[in-house]
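Structure below is final_39.txt: compact mmCIF, C-alpha atoms and all ligand atoms.
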# COMPACT_ATOMS: atom_id res chain seq x y z
CA MET A 5 80.35 126.34 123.70
CA ILE A 6 78.89 124.71 120.66
CA LEU A 7 75.21 123.94 121.01
CA ALA A 8 73.98 121.84 118.16
CA THR A 9 71.22 119.43 117.39
CA THR A 10 71.19 116.73 119.99
CA VAL A 11 69.61 113.34 119.89
CA ARG A 12 68.82 112.30 123.38
CA ARG A 13 69.76 108.68 123.07
CA ALA A 14 68.45 107.94 126.54
CA LEU A 15 64.95 108.43 125.24
CA LEU A 16 65.61 106.09 122.39
CA ILE A 17 67.39 103.58 124.53
CA SER A 18 64.34 102.97 126.64
CA LEU A 19 62.61 101.67 123.50
CA LEU A 20 65.40 99.36 122.41
CA PRO A 21 66.39 95.87 123.45
CA MET A 22 69.28 95.91 125.90
CA ALA A 23 71.69 94.49 123.35
CA PHE A 24 71.62 97.76 121.43
CA VAL A 25 72.34 100.00 124.37
CA VAL A 26 75.92 99.37 125.27
CA PRO A 27 78.12 101.75 123.21
CA VAL A 28 76.34 105.06 123.81
CA SER A 29 77.96 107.11 126.53
CA HIS A 30 76.65 110.58 125.81
CA ALA A 31 74.07 112.39 123.77
CA ALA A 32 75.29 112.33 120.18
CA THR A 33 75.62 115.77 118.68
CA THR A 34 75.46 116.90 115.07
CA TYR A 35 77.68 119.76 113.96
CA TYR A 36 77.64 121.70 110.73
CA VAL A 37 80.52 123.15 108.75
CA ALA A 38 80.07 125.40 105.72
CA PRO A 39 82.44 127.37 103.47
CA ASN A 40 80.74 130.58 104.55
CA GLY A 41 80.66 129.54 108.20
CA ASN A 42 82.47 131.04 111.15
CA ASP A 43 84.56 129.21 113.70
CA GLY A 44 83.16 131.49 116.34
CA ALA A 45 79.64 130.33 115.54
CA ALA A 46 77.72 127.62 117.36
CA GLY A 47 78.17 124.93 114.73
CA THR A 48 74.46 124.45 114.27
CA GLN A 49 72.68 124.07 110.96
CA THR A 50 71.75 127.76 110.97
CA ALA A 51 75.10 128.93 112.39
CA PRO A 52 77.73 126.59 110.95
CA CYS A 53 81.39 126.77 111.76
CA ALA A 54 84.00 127.11 109.01
CA THR A 55 86.66 124.44 109.44
CA ILE A 56 87.04 120.75 110.09
CA ALA A 57 89.64 121.64 112.72
CA ARG A 58 87.05 123.55 114.72
CA ALA A 59 84.55 120.72 114.37
CA GLN A 60 87.12 118.19 115.54
CA ARG A 61 87.76 120.17 118.71
CA ALA A 62 84.07 119.93 119.54
CA ALA A 63 83.27 116.41 118.34
CA LYS A 64 83.16 113.42 120.64
CA PRO A 65 82.83 109.72 119.80
CA GLY A 66 79.43 109.09 118.25
CA ASP A 67 79.05 112.62 116.93
CA THR A 68 78.46 113.60 113.31
CA VAL A 69 79.96 116.56 111.48
CA TYR A 70 78.16 117.54 108.28
CA PHE A 71 79.94 119.52 105.57
CA ARG A 72 77.80 121.72 103.39
CA CYS A 73 78.56 121.94 99.69
CA GLY A 74 81.18 124.27 98.34
CA THR A 75 84.95 124.66 98.38
CA TYR A 76 87.17 124.46 101.43
CA ALA A 77 90.45 125.92 100.16
CA TYR A 78 93.72 125.52 102.02
CA THR A 79 96.76 127.73 101.39
CA ARG A 80 99.10 126.81 104.24
CA ALA A 81 99.90 123.88 106.49
CA THR A 82 99.19 123.62 110.22
CA SER A 83 102.90 124.09 110.92
CA SER A 84 105.88 125.48 109.04
CA CYS A 85 108.33 123.30 107.12
CA ALA A 86 111.36 122.59 109.31
CA SER A 87 113.30 121.78 106.16
CA GLN A 88 112.61 121.14 102.49
CA THR A 89 112.32 117.42 103.27
CA ALA A 90 110.12 117.77 106.34
CA THR A 91 106.45 116.79 106.24
CA VAL A 92 103.50 119.01 107.10
CA ASP A 93 99.76 118.66 106.79
CA ALA A 94 96.80 120.86 106.02
CA ILE A 95 94.25 118.91 108.07
CA THR A 96 95.15 116.82 111.11
CA LEU A 97 92.55 114.30 112.23
CA ASN A 98 94.10 113.10 115.47
CA LYS A 99 91.04 112.76 117.68
CA SER A 100 89.66 109.23 117.72
CA GLY A 101 86.18 107.86 118.01
CA SER A 102 85.70 104.57 119.74
CA ALA A 103 84.49 101.12 118.78
CA GLY A 104 80.83 101.43 117.80
CA ASN A 105 81.00 105.20 118.19
CA SER A 106 82.93 106.62 115.26
CA ILE A 107 83.26 110.32 114.74
CA ARG A 108 81.62 110.95 111.37
CA TYR A 109 82.86 113.58 108.93
CA TRP A 110 80.20 113.36 106.29
CA ALA A 111 79.04 115.34 103.31
CA HIS A 112 75.60 116.74 104.06
CA PRO A 113 73.18 114.42 102.23
CA GLY A 114 73.04 115.24 98.54
CA GLU A 115 75.88 117.76 98.71
CA LYS A 116 79.52 117.72 97.59
CA PRO A 117 82.07 119.44 99.78
CA VAL A 118 85.40 119.91 98.02
CA PHE A 119 88.66 120.20 99.95
CA THR A 120 91.25 121.78 97.68
CA PHE A 121 94.93 122.15 98.46
CA SER A 122 96.43 123.37 95.19
CA GLY A 123 97.00 126.84 96.65
CA MET A 124 99.35 125.57 99.35
CA GLY A 125 102.82 127.08 99.09
CA ASP A 126 104.63 125.09 101.77
CA ASP A 127 108.14 124.17 100.63
CA CYS A 128 108.24 120.53 101.83
CA ARG A 129 106.18 117.30 101.68
CA ILE A 130 102.48 117.85 102.23
CA LYS A 131 99.65 115.67 103.46
CA GLY A 132 96.19 117.01 102.64
CA PHE A 133 94.34 114.91 105.22
CA ASP A 134 96.68 113.48 107.88
CA VAL A 135 94.57 110.84 109.61
CA THR A 136 96.33 109.61 112.72
CA GLY A 137 93.10 109.02 114.64
CA SER A 138 91.09 105.81 114.71
CA HIS A 139 87.39 104.97 114.54
CA LEU A 140 86.67 107.84 112.17
CA HIS A 141 84.26 107.69 109.23
CA LEU A 142 84.79 110.08 106.33
CA ARG A 143 82.07 110.04 103.68
CA GLY A 144 81.32 111.93 100.50
CA LEU A 145 84.34 114.25 100.56
CA GLU A 146 86.23 115.36 97.45
CA VAL A 147 89.95 115.84 98.08
CA VAL A 148 91.90 117.68 95.38
CA GLY A 149 95.28 118.98 94.36
CA VAL A 150 97.91 118.51 97.08
CA PRO A 151 101.09 119.93 95.48
CA GLN A 152 104.81 119.26 95.57
CA ASN A 153 106.50 122.62 95.86
CA ASN A 154 110.07 121.36 95.48
CA ASN A 155 111.81 118.35 93.94
CA ARG A 156 113.49 117.05 97.08
CA ASN A 157 110.93 114.36 98.04
CA HIS A 158 109.27 111.29 96.60
CA GLU A 159 105.72 112.55 96.77
CA SER A 160 103.01 114.41 98.65
CA TRP A 161 99.72 112.72 99.61
CA GLY A 162 96.02 113.44 99.28
CA LEU A 163 95.00 111.39 102.34
CA TRP A 164 97.69 109.83 104.54
CA ILE A 165 96.40 107.36 107.13
CA SER A 166 98.25 105.90 110.08
CA GLY A 167 95.15 105.40 112.22
CA SER A 168 93.13 102.19 112.37
CA ASN A 169 89.53 101.02 112.13
CA ASN A 170 88.54 103.98 110.01
CA VAL A 171 86.10 104.03 107.11
CA PHE A 172 86.74 106.12 104.00
CA GLU A 173 83.55 106.04 101.97
CA GLN A 174 82.67 107.74 98.69
CA ILE A 175 85.91 109.70 98.75
CA ASP A 176 86.93 111.23 95.41
CA THR A 177 90.65 111.97 95.68
CA HIS A 178 92.44 113.31 92.62
CA HIS A 179 95.00 115.54 90.95
CA HIS A 180 97.54 115.25 93.72
CA MET A 181 101.30 115.30 93.21
CA GLY A 182 101.49 111.94 94.94
CA ALA A 183 99.21 109.14 96.04
CA GLY A 184 95.50 109.77 96.31
CA LEU A 185 94.98 107.66 99.47
CA PHE A 186 97.96 106.17 101.27
CA ILE A 187 97.63 103.94 104.34
CA SER A 188 100.90 103.93 106.26
CA GLY A 189 100.91 101.58 109.21
CA GLY A 190 97.20 101.69 110.00
CA SER A 191 95.12 98.50 110.07
CA GLY A 192 91.51 97.46 109.97
CA ASN A 193 90.67 100.38 107.69
CA LEU A 194 87.92 100.07 105.07
CA VAL A 195 88.16 102.10 101.88
CA LEU A 196 84.70 101.79 100.40
CA ASN A 197 83.29 102.96 97.07
CA SER A 198 86.01 105.52 96.57
CA ASP A 199 87.82 106.89 93.50
CA SER A 200 91.46 107.93 93.10
CA HIS A 201 92.56 109.32 89.76
CA ASP A 202 94.75 111.71 87.81
CA ASN A 203 97.48 111.70 90.45
CA TYR A 204 100.90 112.66 89.07
CA ASP A 205 103.95 113.43 91.18
CA LEU A 206 105.86 115.27 88.51
CA ARG A 207 108.43 116.66 90.97
CA SER A 208 109.35 113.39 92.72
CA SER A 209 113.05 113.02 93.50
CA ASN A 210 112.94 109.38 92.37
CA GLY A 211 111.53 110.27 88.98
CA ALA A 212 108.45 112.03 87.71
CA GLY A 213 105.38 109.87 88.26
CA GLU A 214 107.15 107.11 90.19
CA SER A 215 105.13 107.50 93.39
CA GLY A 216 101.75 108.70 92.18
CA ASP A 217 99.61 105.68 93.08
CA GLY A 218 95.85 105.67 93.32
CA PHE A 219 95.52 103.67 96.54
CA GLY A 220 98.21 102.20 98.80
CA SER A 221 98.51 100.11 101.93
CA HIS A 222 102.03 99.95 103.34
CA TYR A 223 104.15 99.41 106.47
CA THR A 224 101.38 97.75 108.50
CA PRO A 225 103.03 95.61 111.21
CA ALA A 226 102.44 91.86 111.42
CA GLY A 227 99.34 90.44 113.02
CA ARG A 228 97.00 93.36 112.46
CA PRO A 229 93.51 93.18 110.92
CA ALA A 230 93.33 93.55 107.17
CA ASN A 231 92.95 96.83 105.38
CA VAL A 232 90.14 96.42 102.84
CA PHE A 233 89.49 98.18 99.53
CA ARG A 234 85.99 97.50 98.23
CA GLY A 235 84.19 99.05 95.28
CA CYS A 236 87.09 101.37 94.50
CA ARG A 237 88.30 102.73 91.15
CA ALA A 238 91.82 103.90 90.26
CA TRP A 239 92.59 105.40 86.88
CA TRP A 240 95.12 107.57 85.16
CA ASN A 241 97.46 107.57 88.10
CA ALA A 242 101.07 108.08 87.06
CA ASP A 243 102.41 105.07 88.98
CA ASP A 244 100.13 102.19 90.00
CA GLY A 245 96.40 101.88 90.57
CA PHE A 246 96.66 99.90 93.84
CA ASP A 247 100.05 99.30 95.51
CA LEU A 248 100.66 96.98 98.50
CA ILE A 249 104.43 97.05 98.69
CA SER A 250 106.07 96.60 102.10
CA THR A 251 103.22 95.60 104.36
CA TYR A 252 103.17 92.78 106.91
CA SER A 253 99.44 92.47 107.48
CA PRO A 254 96.96 91.23 104.90
CA VAL A 255 95.11 93.38 102.41
CA LEU A 256 91.85 92.48 100.67
CA ILE A 257 90.86 94.17 97.43
CA GLU A 258 87.49 93.28 95.96
CA ASN A 259 85.00 94.60 93.42
CA SER A 260 87.50 97.21 92.33
CA TRP A 261 88.68 98.53 88.95
CA ALA A 262 92.04 99.85 87.74
CA TRP A 263 92.79 101.24 84.31
CA ARG A 264 95.24 103.43 82.38
CA ASN A 265 97.69 103.68 85.25
CA GLY A 266 101.35 104.36 84.51
CA TYR A 267 100.79 107.34 82.22
CA VAL A 268 100.81 111.07 82.53
CA PRO A 269 97.10 111.55 83.32
CA GLY A 270 94.92 112.03 80.29
CA THR A 271 97.65 110.92 77.87
CA THR A 272 99.45 107.80 76.72
CA THR A 273 102.83 109.31 77.68
CA SER A 274 104.67 106.85 79.91
CA ALA A 275 105.20 107.91 83.53
CA GLY A 276 105.72 105.49 86.48
CA ASN A 277 105.41 101.71 86.90
CA GLY A 278 101.90 101.24 85.59
CA ALA A 279 100.51 98.16 87.37
CA GLY A 280 96.77 97.99 87.93
CA PHE A 281 96.98 95.90 91.13
CA LYS A 282 100.52 95.64 92.58
CA MET A 283 99.98 92.96 95.19
CA GLY A 284 102.85 93.22 97.63
CA GLY A 285 106.59 92.75 97.51
CA PHE A 286 109.43 94.18 99.53
CA GLY A 287 111.59 96.03 97.05
CA ARG A 288 112.66 92.87 95.19
CA GLU A 289 114.01 91.32 98.42
CA TYR A 290 112.87 88.09 100.03
CA ASP A 291 111.15 88.81 103.36
CA ALA A 292 110.10 85.98 105.67
CA GLY A 293 107.38 88.18 107.17
CA ALA A 294 105.34 88.29 103.98
CA VAL A 295 101.64 87.44 104.23
CA LYS A 296 99.02 86.53 101.65
CA HIS A 297 96.98 89.29 100.07
CA THR A 298 93.79 88.78 98.10
CA VAL A 299 92.30 90.43 95.03
CA ARG A 300 88.97 89.19 93.71
CA PHE A 301 86.03 90.23 91.53
CA SER A 302 88.19 93.03 90.19
CA VAL A 303 88.97 94.40 86.72
CA ALA A 304 92.19 95.77 85.25
CA PHE A 305 92.43 97.05 81.70
CA ASN A 306 94.78 99.09 79.54
CA ASN A 307 97.32 99.66 82.25
CA LYS A 308 100.82 100.40 80.99
CA ALA A 309 102.27 97.31 82.69
CA ALA A 310 100.66 94.31 84.42
CA GLY A 311 97.00 94.29 85.27
CA PHE A 312 97.65 92.01 88.27
CA TYR A 313 101.25 91.86 89.50
CA SER A 314 102.87 89.86 92.31
CA ASN A 315 105.81 92.31 92.40
CA HIS A 316 108.40 89.85 93.78
CA HIS A 317 106.09 88.88 96.65
CA PRO A 318 107.51 85.94 98.63
CA VAL A 319 104.21 84.10 99.16
CA ALA A 320 101.32 83.19 96.88
CA ASN A 321 98.45 85.69 96.92
CA ASP A 322 94.90 84.65 96.02
CA TYR A 323 93.75 85.97 92.64
CA PHE A 324 90.13 84.86 92.28
CA ASN A 325 87.52 85.86 89.68
CA ASN A 326 89.30 88.80 88.13
CA THR A 327 89.11 90.09 84.57
CA SER A 328 92.27 91.44 83.00
CA TYR A 329 92.01 93.00 79.57
CA GLY A 330 94.60 94.65 77.40
CA ASN A 331 97.35 94.88 80.01
CA ARG A 332 101.02 94.08 79.44
CA PRO A 333 100.77 91.42 80.68
CA ASP A 334 97.36 90.73 82.18
CA PHE A 335 98.80 88.59 84.99
CA ASP A 336 102.47 88.80 85.98
CA MET A 337 103.08 86.42 88.88
CA ARG A 338 106.76 87.22 89.39
CA GLY A 339 107.54 86.28 93.00
CA ILE A 340 110.74 85.53 94.90
CA ASN A 341 111.96 82.53 96.88
CA SER A 342 114.11 82.39 100.01
CA SER A 343 117.22 82.18 97.87
CA GLY A 344 116.29 85.41 96.19
CA ALA A 345 115.50 83.74 92.88
CA SER A 346 112.60 84.77 90.70
CA VAL A 347 109.71 82.28 90.81
CA GLY A 348 106.01 82.40 90.05
CA ARG A 349 103.85 83.08 93.12
CA GLY A 350 100.05 83.08 93.06
CA ASN A 351 96.89 81.03 93.45
CA LEU A 352 94.76 81.82 90.41
CA ARG A 353 91.20 80.63 89.94
CA ASN A 354 88.34 81.70 87.70
CA ASN A 355 90.19 84.60 86.09
CA ILE A 356 89.94 85.90 82.55
CA ALA A 357 92.97 87.17 80.63
CA TYR A 358 91.98 88.63 77.27
CA THR A 359 93.98 90.76 74.83
CA GLY A 360 97.20 92.50 75.77
CA THR A 361 99.99 90.01 76.42
CA LEU A 362 98.14 87.64 78.80
CA LEU A 363 100.63 85.95 81.16
CA ALA A 364 104.15 86.13 82.58
CA ASN A 365 106.11 84.22 85.23
CA MET A 366 103.50 81.51 85.77
CA ASN A 367 106.02 78.75 86.55
CA GLY A 368 105.57 78.00 90.27
CA THR A 369 102.00 79.27 90.59
CA THR A 370 98.90 77.20 91.13
CA ALA A 371 96.42 78.06 88.41
CA SER A 372 93.26 76.27 87.38
CA HIS A 373 89.86 77.08 85.92
CA ASN A 374 91.18 80.29 84.40
CA SER A 375 90.38 81.23 80.82
CA TRP A 376 93.84 80.16 79.70
CA ASN A 377 93.63 76.79 81.46
CA LEU A 378 90.36 75.74 79.91
CA GLY A 379 91.12 76.15 76.25
CA ILE A 380 87.95 78.14 75.68
CA PRO A 381 88.28 80.37 72.64
CA LEU A 382 87.98 83.99 73.64
CA SER A 383 86.46 86.64 71.44
CA ASP A 384 84.63 89.91 71.87
CA ALA A 385 81.42 87.93 71.40
CA GLN A 386 81.84 86.42 74.89
CA PHE A 387 81.15 89.87 76.34
CA ARG A 388 78.22 92.24 76.21
CA SER A 389 80.74 95.01 75.55
CA VAL A 390 84.50 95.39 75.44
CA SER A 391 84.36 99.16 75.62
CA THR A 392 87.14 100.82 77.57
CA SER A 393 85.29 104.10 77.98
CA GLY A 394 82.63 105.03 80.49
CA TRP A 395 84.17 103.16 83.41
CA ASP A 396 84.37 106.46 85.33
CA ALA A 397 80.60 106.90 85.08
CA PRO A 398 78.79 108.29 88.12
CA ARG A 399 78.26 105.87 90.97
CA GLN A 400 74.89 104.61 92.12
CA ALA A 401 73.03 106.52 94.80
CA ASP A 402 74.45 104.34 97.56
CA GLY A 403 77.98 104.89 96.24
CA SER A 404 78.38 101.47 94.68
CA LEU A 405 79.93 101.04 91.24
CA PRO A 406 77.90 101.84 88.14
CA VAL A 407 76.46 98.80 86.40
CA LEU A 408 77.95 98.74 82.90
CA PRO A 409 77.79 96.09 80.18
CA HIS A 410 81.57 96.30 79.78
CA LEU A 411 83.38 92.97 80.15
CA ARG A 412 80.23 91.30 81.46
CA LEU A 413 79.41 87.94 79.96
CA THR A 414 76.65 87.58 77.40
CA ALA A 415 73.78 85.23 78.19
CA THR A 416 75.31 82.66 75.86
CA SER A 417 78.94 83.13 76.83
CA THR A 418 80.82 79.86 77.15
CA LEU A 419 82.63 81.35 80.18
CA ILE A 420 79.51 80.92 82.32
CA ASP A 421 79.74 78.18 84.95
CA LYS A 422 83.27 77.23 83.95
CA GLY A 423 84.92 78.17 87.25
CA THR A 424 85.51 76.25 90.45
CA ASP A 425 84.05 76.91 93.89
CA VAL A 426 86.48 79.00 95.94
CA GLY A 427 84.01 79.60 98.75
CA LEU A 428 82.67 82.88 97.39
CA PRO A 429 79.12 83.79 96.37
CA HIS A 430 78.08 82.82 92.85
CA SER A 431 74.98 82.14 90.86
CA GLY A 432 74.08 78.78 89.40
CA SER A 433 75.88 75.57 90.14
CA VAL A 434 79.42 76.92 89.97
CA PRO A 435 81.14 80.28 89.51
CA ASP A 436 81.58 81.89 86.14
CA LEU A 437 84.92 83.18 84.98
CA GLY A 438 85.83 86.79 85.51
CA ALA A 439 84.81 89.65 87.76
CA PHE A 440 81.08 89.71 87.02
CA GLU A 441 78.99 86.65 87.80
CA SER A 442 76.16 86.43 85.33
CA ASP A 443 72.61 86.27 86.54
CA GLY A 444 70.41 83.24 86.56
CA ARG A 445 72.77 80.38 85.82
CA CA B 501 106.98 103.56 91.14
CA CA B 502 103.70 102.46 93.20
CA CA B 503 77.59 80.76 87.64
Please re-express this file's structure in structure tokens.
Amino acid sequence: MILATTVRRALLISLLPMAFVVPVSHAATTYYVAPNGNDGAAGTQTAPCATIARAQRAAKPGDTVYFRCGTYAYTRATSSCASQTATVDAITLNKSGSAGNSIRYWAHPGEKPVFTFSGMGDDCRIKGFDVTGSHLHLRGLEVVGVPQNNNRNHESWGLWISGSNNVFEQIDTHHHMGAGLFISGGSGNLVLNSDSHDNYDLRSSNGAGESGDGFGSHYTPAGRPANVFRGCRAWWNADDGFDLISTYSPVLIENSWAWRNGYVPGTTTSAGNGAGFKMGGFGREYDAGAVKHTVRFSVAFNNKAAGFYSNHHPVANDYFNNTSYGNRPDFDMRGINSSGASVGRGNLRNNIAYTGTLLANMNGTTASHNSWNLGIPLSDAQFRSVSTSGWDAPRQADGSLPVLPHLRLTATSTLIDKGTDVGLPHSGSVPDLGAFESDGR
């Protein structure tokens, strides 16, 4: 029996307006997990348990599990590999919270728990975190080093998510032999202020680096709520930064950055596809079930291939207020029509394309008020900085992106107030071009 800190909500409830009362069905409990804990312990702050699995068995909707700092090292999966192409996981999160009462798996405030999987020897595909539950909130966890231990599979995964209505906040997922965070079928998930980097699937059966994406949302059935990526960064992933191939529900990406994807991490040696934002598609086939995805207020630079890529998507996505710099090309709108022919697909407004090779496959798109439409001369002087270093700087205390001068407009930039209103927040009379609205105009 785990006895931990309890907050007697009933006491609190008596002080609150009735509208706030509804979701609470039991006294919320706080549990503690620490690397030097013991799963036979009570799970209190002074007697923490040792594993997330033990905490999950105790936790109920509305409860919070705090992880103390230190390393949680995994060396074997929860089950044995049935074959070399079977899939196993190290951590199974299959117990759901409920609407308004998530189960929280949070870093203890100010601390950094690190879940490391590089010591796993299982001879098949591996998921580090296998999140099949819903209404969970993971925050502040570092997830590192899920391996591929044979060359029979496409990839392993850092976090693999088939549950829905989860929040993944301030997750730092990196150095996996596969995707850092991969949503497969889940919907209504929010990936907030998270980083995915240095992922390289060097043993993938479809080619080294071909499946090592930063973030992915795939296989979601039609009619489900959007998966959202907000304030996320993807860099030096061997394949793509963000990849939305083969999904039938919408995805929204905003305020996110992607750079140097498509290379062996830390080098300029070519690896996988190398798109910053790969915005859909169905394996180069027309699919009548395609839906519109959206990417806005986002930055791609120095990716091996396109910064923003329609990837043969059958319908026009919205590309609003993005900055693409030094990609090849910056915007590639290659879509597909019902006859299977290549055609431009995209609604582009208020974007900047600067350096690299700018544009490809624009015939068939709708594009206005972008830097290339307006005939405004572009030069480094439009920007406070065009530096491509420092983008991985530490986040702000609340987890939001660092505020850098890079690719922000100068006070006198002629790109200020040159956009068109697309129904999104902006300063001054009309939107500026690019990902960062300037202040005061
Ligand atoms: Ca690929
Ligand atoms: Ca990919
Ligand atoms: Ca403005």
- prompt: So which residues are near ligand CA 502 (chain B), meaning at most 6 Å away with only C-alpha atoms and all ligand atoms counted, given back as a ChimeraX atom specification?
  reply: /A:215,217,243-244,247
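For the pair CA of Ser221 in chain A and CA of Glu258 in chain A, the interatomic distance is 14.3 Å.
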Ala242 in chain A environment, 6 Å, all atoms listed in the file, sequence neighbours closer than 2 positions dropped, as an MDAnalysis selection string: chainID A and resid 204 213 216 265:268 275:276
Generate the output file for the selected residues, C-alpha atoms, as a CSV table (one decimal), keeping the file's coordinate frame.
chain,number,residue,atom,x,y,z
A,204,TYR,CA,100.9,112.7,89.1
A,213,GLY,CA,105.4,109.9,88.3
A,216,GLY,CA,101.8,108.7,92.2
A,265,ASN,CA,97.7,103.7,85.2
A,266,GLY,CA,101.4,104.4,84.5
A,267,TYR,CA,100.8,107.3,82.2
A,268,VAL,CA,100.8,111.1,82.5
A,275,ALA,CA,105.2,107.9,83.5
A,276,GLY,CA,105.7,105.5,86.5
Please identify all polymer residues within 7 Å of range 277-281 of chain A, counting all atoms listed in the file, omitting same-chain residues fewer than 4 positions from it, and present them as an mmCIF file with C-alpha atoms, in the coordinates of the input.
data_model
loop_
_atom_site.group_PDB
_atom_site.id
_atom_site.type_symbol
_atom_site.label_atom_id
_atom_site.label_comp_id
_atom_site.auth_asym_id
_atom_site.auth_seq_id
_atom_site.Cartn_x
_atom_site.Cartn_y
_atom_site.Cartn_z
ATOM 1 C CA GLU A 214 107.150 107.110 90.190
ATOM 2 C CA ASP A 243 102.410 105.070 88.980
ATOM 3 C CA ASP A 244 100.130 102.190 90.000
ATOM 4 C CA GLY A 245 96.400 101.880 90.570
ATOM 5 C CA PHE A 246 96.660 99.900 93.840
ATOM 6 C CA ASP A 247 100.050 99.300 95.510
ATOM 7 C CA ALA A 262 92.040 99.850 87.740
ATOM 8 C CA TRP A 263 92.790 101.240 84.310
ATOM 9 C CA ASN A 265 97.690 103.680 85.250
ATOM 10 C CA GLY A 266 101.350 104.360 84.510
ATOM 11 C CA ALA A 304 92.190 95.770 85.250
ATOM 12 C CA ASN A 307 97.320 99.660 82.250
ATOM 13 C CA LYS A 308 100.820 100.400 80.990
ATOM 14 C CA ALA A 309 102.270 97.310 82.690
ATOM 15 C CA ALA A 310 100.660 94.310 84.420
ATOM 16 C CA GLY A 311 97.000 94.290 85.270
ATOM 17 C CA PHE A 312 97.650 92.010 88.270
ATOM 18 C CA TYR A 313 101.250 91.860 89.500
#
- prompt: What lies within 7 Å of Phe387 in chain A using all atoms listed in the file, ignoring chain neighbours under 3 positions off, as number ranges by chain?
  reply: A: 384, 390, 411-414
- request: Compute the set of protein, DNA and RNA residues whose minimum atom distance to ligand CA 503 (chain B) is at most 7 Å, using all atoms listed in the file, and state it as number ranges by chain.
  value: A: 420-421, 430-436, 441-442, 445
message: Need to verify the contact set: range 351-363 of chain A, 8 Å, all atoms listed in the file, exclusion of same-chain residues closer than 2 positions in sequence. Can you return it as a ChimeraX atom specification?
response: /A:306,320-336,349,365-366,369-376,382,422-424,426,435-439
Could you please take those selected residues and save C-alpha atoms as an mmCIF file, keeping the file's coordinate frame?
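Resulting contents of out.cif:
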data_model
loop_
_atom_site.group_PDB
_atom_site.id
_atom_site.type_symbol
_atom_site.label_atom_id
_atom_site.label_comp_id
_atom_site.auth_asym_id
_atom_site.auth_seq_id
_atom_site.Cartn_x
_atom_site.Cartn_y
_atom_site.Cartn_z
ATOM 1 C CA ASN A 306 94.780 99.090 79.540
ATOM 2 C CA ALA A 320 101.320 83.190 96.880
ATOM 3 C CA ASN A 321 98.450 85.690 96.920
ATOM 4 C CA ASP A 322 94.900 84.650 96.020
ATOM 5 C CA TYR A 323 93.750 85.970 92.640
ATOM 6 C CA PHE A 324 90.130 84.860 92.280
ATOM 7 C CA ASN A 325 87.520 85.860 89.680
ATOM 8 C CA ASN A 326 89.300 88.800 88.130
ATOM 9 C CA THR A 327 89.110 90.090 84.570
ATOM 10 C CA SER A 328 92.270 91.440 83.000
ATOM 11 C CA TYR A 329 92.010 93.000 79.570
ATOM 12 C CA GLY A 330 94.600 94.650 77.400
ATOM 13 C CA ASN A 331 97.350 94.880 80.010
ATOM 14 C CA ARG A 332 101.020 94.080 79.440
ATOM 15 C CA PRO A 333 100.770 91.420 80.680
ATOM 16 C CA ASP A 334 97.360 90.730 82.180
ATOM 17 C CA PHE A 335 98.800 88.590 84.990
ATOM 18 C CA ASP A 336 102.470 88.800 85.980
ATOM 19 C CA ARG A 349 103.850 83.080 93.120
ATOM 20 C CA ASN A 365 106.110 84.220 85.230
ATOM 21 C CA MET A 366 103.500 81.510 85.770
ATOM 22 C CA THR A 369 102.000 79.270 90.590
ATOM 23 C CA THR A 370 98.900 77.200 91.130
ATOM 24 C CA ALA A 371 96.420 78.060 88.410
ATOM 25 C CA SER A 372 93.260 76.270 87.380
ATOM 26 C CA HIS A 373 89.860 77.080 85.920
ATOM 27 C CA ASN A 374 91.180 80.290 84.400
ATOM 28 C CA SER A 375 90.380 81.230 80.820
ATOM 29 C CA TRP A 376 93.840 80.160 79.700
ATOM 30 C CA LEU A 382 87.980 83.990 73.640
ATOM 31 C CA LYS A 422 83.270 77.230 83.950
ATOM 32 C CA GLY A 423 84.920 78.170 87.250
ATOM 33 C CA THR A 424 85.510 76.250 90.450
ATOM 34 C CA VAL A 426 86.480 79.000 95.940
ATOM 35 C CA PRO A 435 81.140 80.280 89.510
ATOM 36 C CA ASP A 436 81.580 81.890 86.140
ATOM 37 C CA LEU A 437 84.920 83.180 84.980
ATOM 38 C CA GLY A 438 85.830 86.790 85.510
ATOM 39 C CA ALA A 439 84.810 89.650 87.760
#
message: Under the rule that all atoms listed in the file are counted, which of A:Met283, A:Val232, A:Ala212, A:Leu428 is the nearest residue to ligand CA 501 (chain B)?
response: A:Ala212
query: What's the 9 Å shell around Asn315 in chain A, counting all atoms listed in the file, without same-chain residues fewer than 5 positions away, as a ChimeraX atom specification?
result: /A:249,282-288,336-340
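Minimum atom-to-atom distance to ligand CA 501 (chain B), evaluated using all atoms listed in the file, belongs to A:Ser209 out of A:Thr55, A:Ser209, A:Ser166, A:Asn105.
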query: In Å, how far is it from CA of Leu256 in chain A to CA of Leu194 in chain A?
result: 9.6 Å
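Compared by their closest atoms to ligand CA 501 (chain B), and using only C-alpha atoms and all ligand atoms, the residues A:Glu173, A:Asp402, A:Glu159, A:Asp67 rank with A:Glu159 nearest.
Shortest atom-to-atom contact with Pro65 in chain A among A:Gln49, A:Asn42, A:Ser100, A:Ser87: A:Ser100, counting all atoms listed in the file.
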- prompt: So which one's closest to ligand CA 501 (chain B), A:Ser393, A:Thr416, A:Thr68, A:Ser274? Using only C-alpha atoms and all ligand atoms, please.
  reply: A:Ser274
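Computed from the coordinates, the CA of Ala94 in chain A to CA of Phe133 in chain A distance equals 6.5 Å.
Considering the residues A:Asn193, A:Arg108, A:Gly114, A:Asp205 and counting all atoms listed in the file, ligand CA 501 (chain B) has its shortest atom-to-atom contact with A:Asp205.
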